[in-house]
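One file, structure_32.txt, carrying compact mmCIF, C-alpha atoms:
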# COMPACT_ATOMS: atom_id res chain seq x y z
CA MET E 191 -32.62 -18.39 35.62
CA SER E 192 -29.12 -19.04 36.85
CA LYS E 193 -26.07 -18.15 34.82
CA SER E 194 -25.14 -21.81 34.51
CA SER E 195 -28.49 -22.83 32.97
CA ALA E 196 -28.42 -19.84 30.58
CA ALA E 197 -24.88 -20.83 29.56
CA ASN E 198 -26.09 -24.36 28.80
CA ARG E 199 -28.67 -23.19 26.28
CA ARG E 200 -27.96 -23.96 22.66
CA ILE E 201 -27.95 -21.43 19.86
CA ILE E 202 -30.96 -21.79 17.56
CA LEU E 203 -30.46 -18.68 15.39
CA ALA E 204 -27.73 -16.15 14.60
CA GLY E 205 -28.29 -13.15 12.35
CA ALA E 206 -30.31 -9.94 12.43
CA ASN E 207 -33.99 -9.01 12.75
CA PRO E 208 -34.67 -5.31 12.20
CA GLY E 209 -38.29 -4.30 12.61
CA LEU E 210 -40.76 -1.46 12.52
CA ARG E 211 -44.20 -0.37 13.51
CA LEU E 212 -45.88 2.58 11.83
CA PHE E 213 -48.67 4.51 13.59
CA ASP E 214 -51.47 6.86 12.62
CA GLU E 215 -52.20 10.19 14.38
CA ARG E 216 -54.35 8.41 17.00
CA GLY E 217 -51.55 6.02 17.92
CA LYS E 218 -53.03 3.00 16.14
CA VAL E 219 -50.60 0.63 14.39
CA THR E 220 -50.94 0.91 10.61
CA ALA E 221 -48.15 -1.51 9.64
CA TYR E 222 -45.67 -3.92 11.18
CA ALA E 223 -42.61 -5.39 9.43
CA SER E 224 -40.03 -7.89 10.61
CA ILE E 225 -37.00 -8.24 8.33
CA TRP E 226 -34.84 -11.35 8.83
CA MET E 227 -31.24 -11.93 7.76
CA VAL E 228 -30.44 -15.37 9.13
CA ASP E 229 -26.75 -16.29 8.96
CA TRP E 230 -27.43 -19.65 10.60
CA SER E 231 -30.31 -21.39 12.35
CA ILE E 232 -31.54 -24.85 13.19
CA ARG E 233 -33.84 -24.38 10.15
CA GLY E 234 -31.25 -23.03 7.69
CA SER E 235 -30.17 -19.58 6.56
CA GLY E 236 -31.59 -16.88 4.33
CA THR E 237 -33.63 -13.69 4.24
CA ALA E 238 -37.32 -13.12 4.86
CA VAL E 239 -39.84 -10.35 5.38
CA VAL E 240 -42.95 -10.66 7.54
CA LEU E 241 -45.40 -7.81 6.91
CA TRP E 242 -48.70 -7.05 8.65
CA PHE E 243 -50.84 -4.43 6.94
CA ASP E 244 -54.59 -3.92 6.85
CA GLY E 245 -55.24 -7.17 8.74
CA ILE E 246 -53.24 -9.30 6.28
CA VAL E 247 -50.00 -11.10 7.17
CA ARG E 248 -47.55 -11.71 4.32
CA VAL E 249 -44.38 -13.76 4.61
CA VAL E 250 -41.89 -13.52 1.72
CA SER E 251 -38.68 -15.53 1.26
CA GLU E 252 -36.90 -17.77 -1.21
CA ASP E 253 -36.95 -20.40 1.58
CA VAL E 254 -40.64 -20.63 2.51
CA ASP E 255 -40.00 -23.29 5.18
CA LEU E 256 -37.49 -21.05 7.00
CA ALA E 257 -39.78 -18.03 6.63
CA ALA E 258 -42.84 -19.88 7.95
CA TRP E 259 -40.81 -21.01 10.98
CA LEU E 260 -39.57 -17.45 11.65
CA GLU E 261 -43.14 -16.11 11.54
CA ARG E 262 -44.62 -18.90 13.65
CA TYR E 263 -41.81 -19.45 16.18
CA PHE E 264 -40.64 -15.86 16.71
CA VAL E 265 -42.80 -13.09 15.22
CA ARG E 266 -46.16 -14.27 16.58
CA SER E 267 -44.71 -14.01 20.12
CA PHE E 268 -43.25 -10.51 19.76
CA LEU E 269 -44.86 -7.82 21.93
CA GLU E 270 -45.07 -5.54 18.88
CA VAL E 271 -47.74 -7.74 17.27
CA GLN E 272 -49.86 -8.29 20.37
CA GLY E 273 -53.35 -6.93 19.75
CA LEU E 274 -53.04 -6.99 15.95
CA PRO E 275 -55.51 -9.22 14.12
CA TRP E 276 -52.98 -11.92 13.20
CA HIS E 277 -54.37 -14.39 10.67
CA GLU E 278 -52.57 -17.29 9.02
CA PRO E 279 -50.07 -15.70 6.64
CA ALA E 280 -49.85 -15.91 2.92
CA VAL E 281 -46.34 -17.38 2.43
CA GLU E 282 -44.81 -16.29 -0.86
CA ARG E 283 -41.67 -17.68 -2.51
CA ASP E 284 -39.76 -14.69 -3.87
CA LEU E 285 -36.35 -13.05 -3.70
CA VAL E 286 -35.68 -10.91 -0.62
CA GLN E 287 -32.85 -8.38 -0.91
CA VAL E 288 -31.64 -6.51 2.19
CA SER E 289 -28.89 -3.94 2.54
CA MET E 290 -28.22 -2.71 6.08
CA ASN E 291 -25.54 -0.99 8.10
CA LEU E 292 -25.62 0.73 11.48
CA ALA E 293 -24.36 4.01 10.04
CA ASP E 294 -26.97 4.64 7.35
CA GLY E 295 -29.97 2.35 7.79
CA LEU E 296 -31.73 -0.36 5.81
CA SER E 297 -33.25 -0.95 2.41
CA ALA E 298 -35.23 -4.14 1.77
CA LYS E 299 -37.19 -5.45 -1.19
CA ALA E 300 -39.38 -8.56 -1.08
CA ALA E 301 -41.78 -9.24 -3.96
CA ASP E 302 -43.74 -5.93 -4.32
CA ILE E 303 -42.78 -4.75 -0.79
CA GLN E 304 -40.18 -2.00 -0.32
CA ILE E 305 -38.93 -1.00 3.16
CA GLU E 306 -36.59 1.90 3.97
CA MET E 307 -35.24 2.79 7.41
CA GLY E 308 -32.83 5.61 8.27
CA GLY E 309 -31.62 8.22 10.71
CA VAL E 310 -29.83 5.99 13.23
CA LEU E 311 -30.28 7.52 16.71
CA ASP E 312 -28.12 5.24 18.86
CA ARG E 313 -26.36 1.88 19.01
CA ARG E 314 -26.41 -0.22 22.18
CA LEU E 315 -26.24 -3.77 23.43
CA PHE E 316 -29.37 -5.60 24.59
CA ALA E 317 -29.34 -8.97 26.34
CA THR E 318 -31.84 -11.03 28.31
CA ASP E 319 -32.16 -14.61 29.49
CA ASN E 320 -35.93 -14.25 29.84
CA PHE E 321 -37.49 -13.68 26.39
CA GLN E 322 -40.81 -15.49 26.17
CA LEU E 323 -41.66 -17.18 22.89
CA ALA E 324 -44.44 -19.68 22.28
CA GLU E 325 -41.95 -22.50 22.88
CA GLY E 326 -40.90 -21.10 26.28
CA ASN E 327 -38.10 -19.04 27.72
CA HIS E 328 -35.15 -18.01 25.48
CA SER E 329 -31.94 -16.02 25.75
CA LEU E 330 -31.41 -13.17 23.32
CA SER E 331 -28.47 -10.83 22.77
CA LEU E 332 -28.08 -8.23 20.03
CA VAL E 333 -26.90 -4.78 19.08
CA ILE E 334 -29.92 -2.53 18.53
CA ALA E 335 -30.02 0.79 16.69
CA PRO E 336 -33.29 2.75 16.92
CA VAL E 337 -33.98 4.88 13.84
CA ARG E 338 -35.78 8.16 13.22
CA SER E 339 -37.69 7.22 10.07
CA ALA E 340 -39.11 4.26 8.18
CA THR E 341 -41.37 3.77 5.19
CA VAL E 342 -43.16 0.80 3.68
CA SER E 343 -44.61 0.63 0.20
CA ILE E 344 -46.55 -2.14 -1.47
CA GLY E 345 -46.76 -2.20 -5.25
CA GLY E 346 -45.36 1.34 -5.29
CA ALA E 347 -48.09 2.73 -2.99
CA SER E 348 -46.94 4.13 0.35
CA VAL E 349 -48.40 2.55 3.46
CA PRO E 350 -49.73 5.31 5.76
CA GLY E 351 -48.14 5.90 9.12
CA PHE E 352 -45.06 7.19 10.85
CA VAL E 353 -42.41 6.06 13.31
CA GLN E 354 -42.85 6.94 16.99
CA VAL E 355 -39.60 8.18 18.53
CA ASP E 356 -39.35 8.42 22.30
CA GLY E 357 -36.91 7.97 25.17
CA SER E 358 -34.27 10.49 26.15
CA PRO E 359 -31.36 12.08 24.29
CA ASP E 360 -29.04 9.69 26.15
CA ARG E 361 -31.20 6.64 25.41
CA PRO E 362 -33.51 7.25 22.44
CA GLY E 363 -36.15 4.70 21.52
CA SER E 364 -38.14 4.16 18.38
CA SER E 365 -40.85 1.97 16.93
CA ALA E 366 -38.34 1.21 14.13
CA PHE E 367 -34.94 -0.31 14.76
CA LEU E 368 -32.01 -2.11 13.19
CA THR E 369 -30.32 -5.09 14.81
CA THR E 370 -27.12 -7.01 14.25
CA ALA E 371 -25.12 -9.68 16.06
CA GLU E 372 -28.45 -11.21 17.10
CA VAL E 373 -28.22 -14.57 18.84
CA TRP E 374 -31.22 -16.59 20.09
CA GLN E 375 -30.71 -19.50 22.47
CA ARG E 376 -33.13 -22.11 23.81
Translate the structure of the given file into structure tokens.
Amino acid sequence: MSKSSAANRRIILAGANPGLRLFDERGKVTAYASIWMVDWSIRGSGTAVVLWFDGIVRVVSEDVDLAAWLERYFVRSFLEVQGLPWHEPAVERDLVQVSMNLADGLSAKAADIQIEMGGVLDRRLFATDNFQLAEGNHSLSLVIAPVRSATVSIGGASVPGFVQVDGSPDRPGSSAFLTTAEVWQR
């Protein structure tokens, strides 16, 4: 895509979308979570949590229309969920509270779901004009901060699994990450 056509794309969402995958000892995904803090979008603003665990997809937000769009338009296309048995989600109207900063980590609560992420390893810029979603090619730019640890609990019970940390000391990677200054264009 040429710079001029990428520059002509319109913004469809601005905010943050931290996420995580937890794994068992064999490398199988035990849980996936996508936490959304939408400052503005073509579908409104608000917070939402999309959680996959044990073959069940839950979507929680005070704005169920926004949350359903986030799950359908974005999350279903993410590489992190490819191969997971992804069934139609149970969309729940409930308060979602998120506290995040790139120094300390994230704490999120949505219905009976609690998510904690910490141990920031790095902060760097990511940008692409070639992010494939179900609705075609999109531009994405964000600041990403991989983290060392993450936990998910449902109803007070810990979900099994751990974060996979990889990469190099100069460019660490992780299956759990924070984001900010996230802008999606179509």
Can you tell me which residues surround Ile305 in chain E at a distance of at most 6 Å, considering all atoms listed in the file, apart from same-chain residues fewer than 5 positions away, and format the answer as an NGL selection string?
:E and (297-298 or 341-342)
Would you output that residue set with C-alpha atoms, as a short mmCIF file (atom, residue, chain, number, x, y, z; two decimals), keeping the file's coordinate frame?
data_model
loop_
_atom_site.label_atom_id
_atom_site.label_comp_id
_atom_site.auth_asym_id
_atom_site.auth_seq_id
_atom_site.Cartn_x
_atom_site.Cartn_y
_atom_site.Cartn_z
CA SER E 297 -33.25 -0.95 2.41
CA ALA E 298 -35.23 -4.14 1.77
CA THR E 341 -41.37 3.77 5.19
CA VAL E 342 -43.16 0.80 3.68
#
With only C-alpha atoms as the atoms that count, which of E:Asp360, E:Glu215, E:Glu278, E:Glu306 lies nearest to Gly245 in chain E?
E:Glu278
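The residue that comes closest to Ala317 in chain E, out of E:Arg248, E:Ala204, E:Leu274, E:Val333 and on the basis of only C-alpha atoms, is E:Val333.
For range 261-264 of chain E, the residues within 9 Å (counting only C-alpha atoms, excluding itself and residues fewer than 3 positions away along the chain) are Ser224, Val240, Val249, Leu256, Ala257, Ala258, Ser267, Phe268, Pro279, Leu323, Ala324 and Glu325 of chain E.
Each of E:Ser329, E:Ser339, E:Ser364, E:Ser251 was checked against Ala301 in chain E using all atoms listed in the file; the smallest atom-to-atom distance is that of E:Ser251.
Going from CA of Ala371 in chain E over to CA of Ile334 in chain E, you cover 9.0 Å.
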Need the shell around Ser289 in chain E: protein/DNA/RNA residues with any atom at most 12 Å away, counting all atoms listed in the file. Skip same-chain ones fewer than 5 positions apart. Format as a PyMOL selection string?
chain E and resi 206+208+225-227+237+294-299+304-308+368
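Minimum atom-to-atom distances from E:Ala280, E:Val271, E:Ala347, E:Leu203 to Val254 in chain E were compared using all atoms listed in the file, and the lowest value belongs to E:Ala280.
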Given the choices E:Ser365, E:Asn291, E:Gln272, E:Asn198, which gets closest to His328 in chain E if the distance is worked out from only C-alpha atoms?
E:Asn198
Measuring between only C-alpha atoms, which one of E:Ser331, E:Arg361, E:Gly351, E:Ile303 shows the shortest distance to Val288 in chain E?
E:Ile303
Neighbourhood query: residues within 12 Å of (-50.2, 4.5, 13.4), file coordinates, counting only C-alpha atoms; return as JSON, numbers by chain.
{"E": [210, 211, 212, 213, 214, 215, 216, 217, 218, 219, 220, 221, 222, 243, 244, 349, 350, 351, 352, 353, 354, 365]}
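In this structure, CA of Gly205 in chain E sits 24.7 Å away from CA of Trp276 in chain E.
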So the first atom is CA of Gly209 in chain E and the second is CA of Ala366 in chain E; what is the distance between them in Å, to one decimal place?
5.7 Å
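Residue neighbourhood of Asp255 in chain E, excluding near-sequence residues (fewer than 5 positions): Arg233, Gly234, Leu260, Val281 and Arg283 of chain E, at 10 Å, using only C-alpha atoms.
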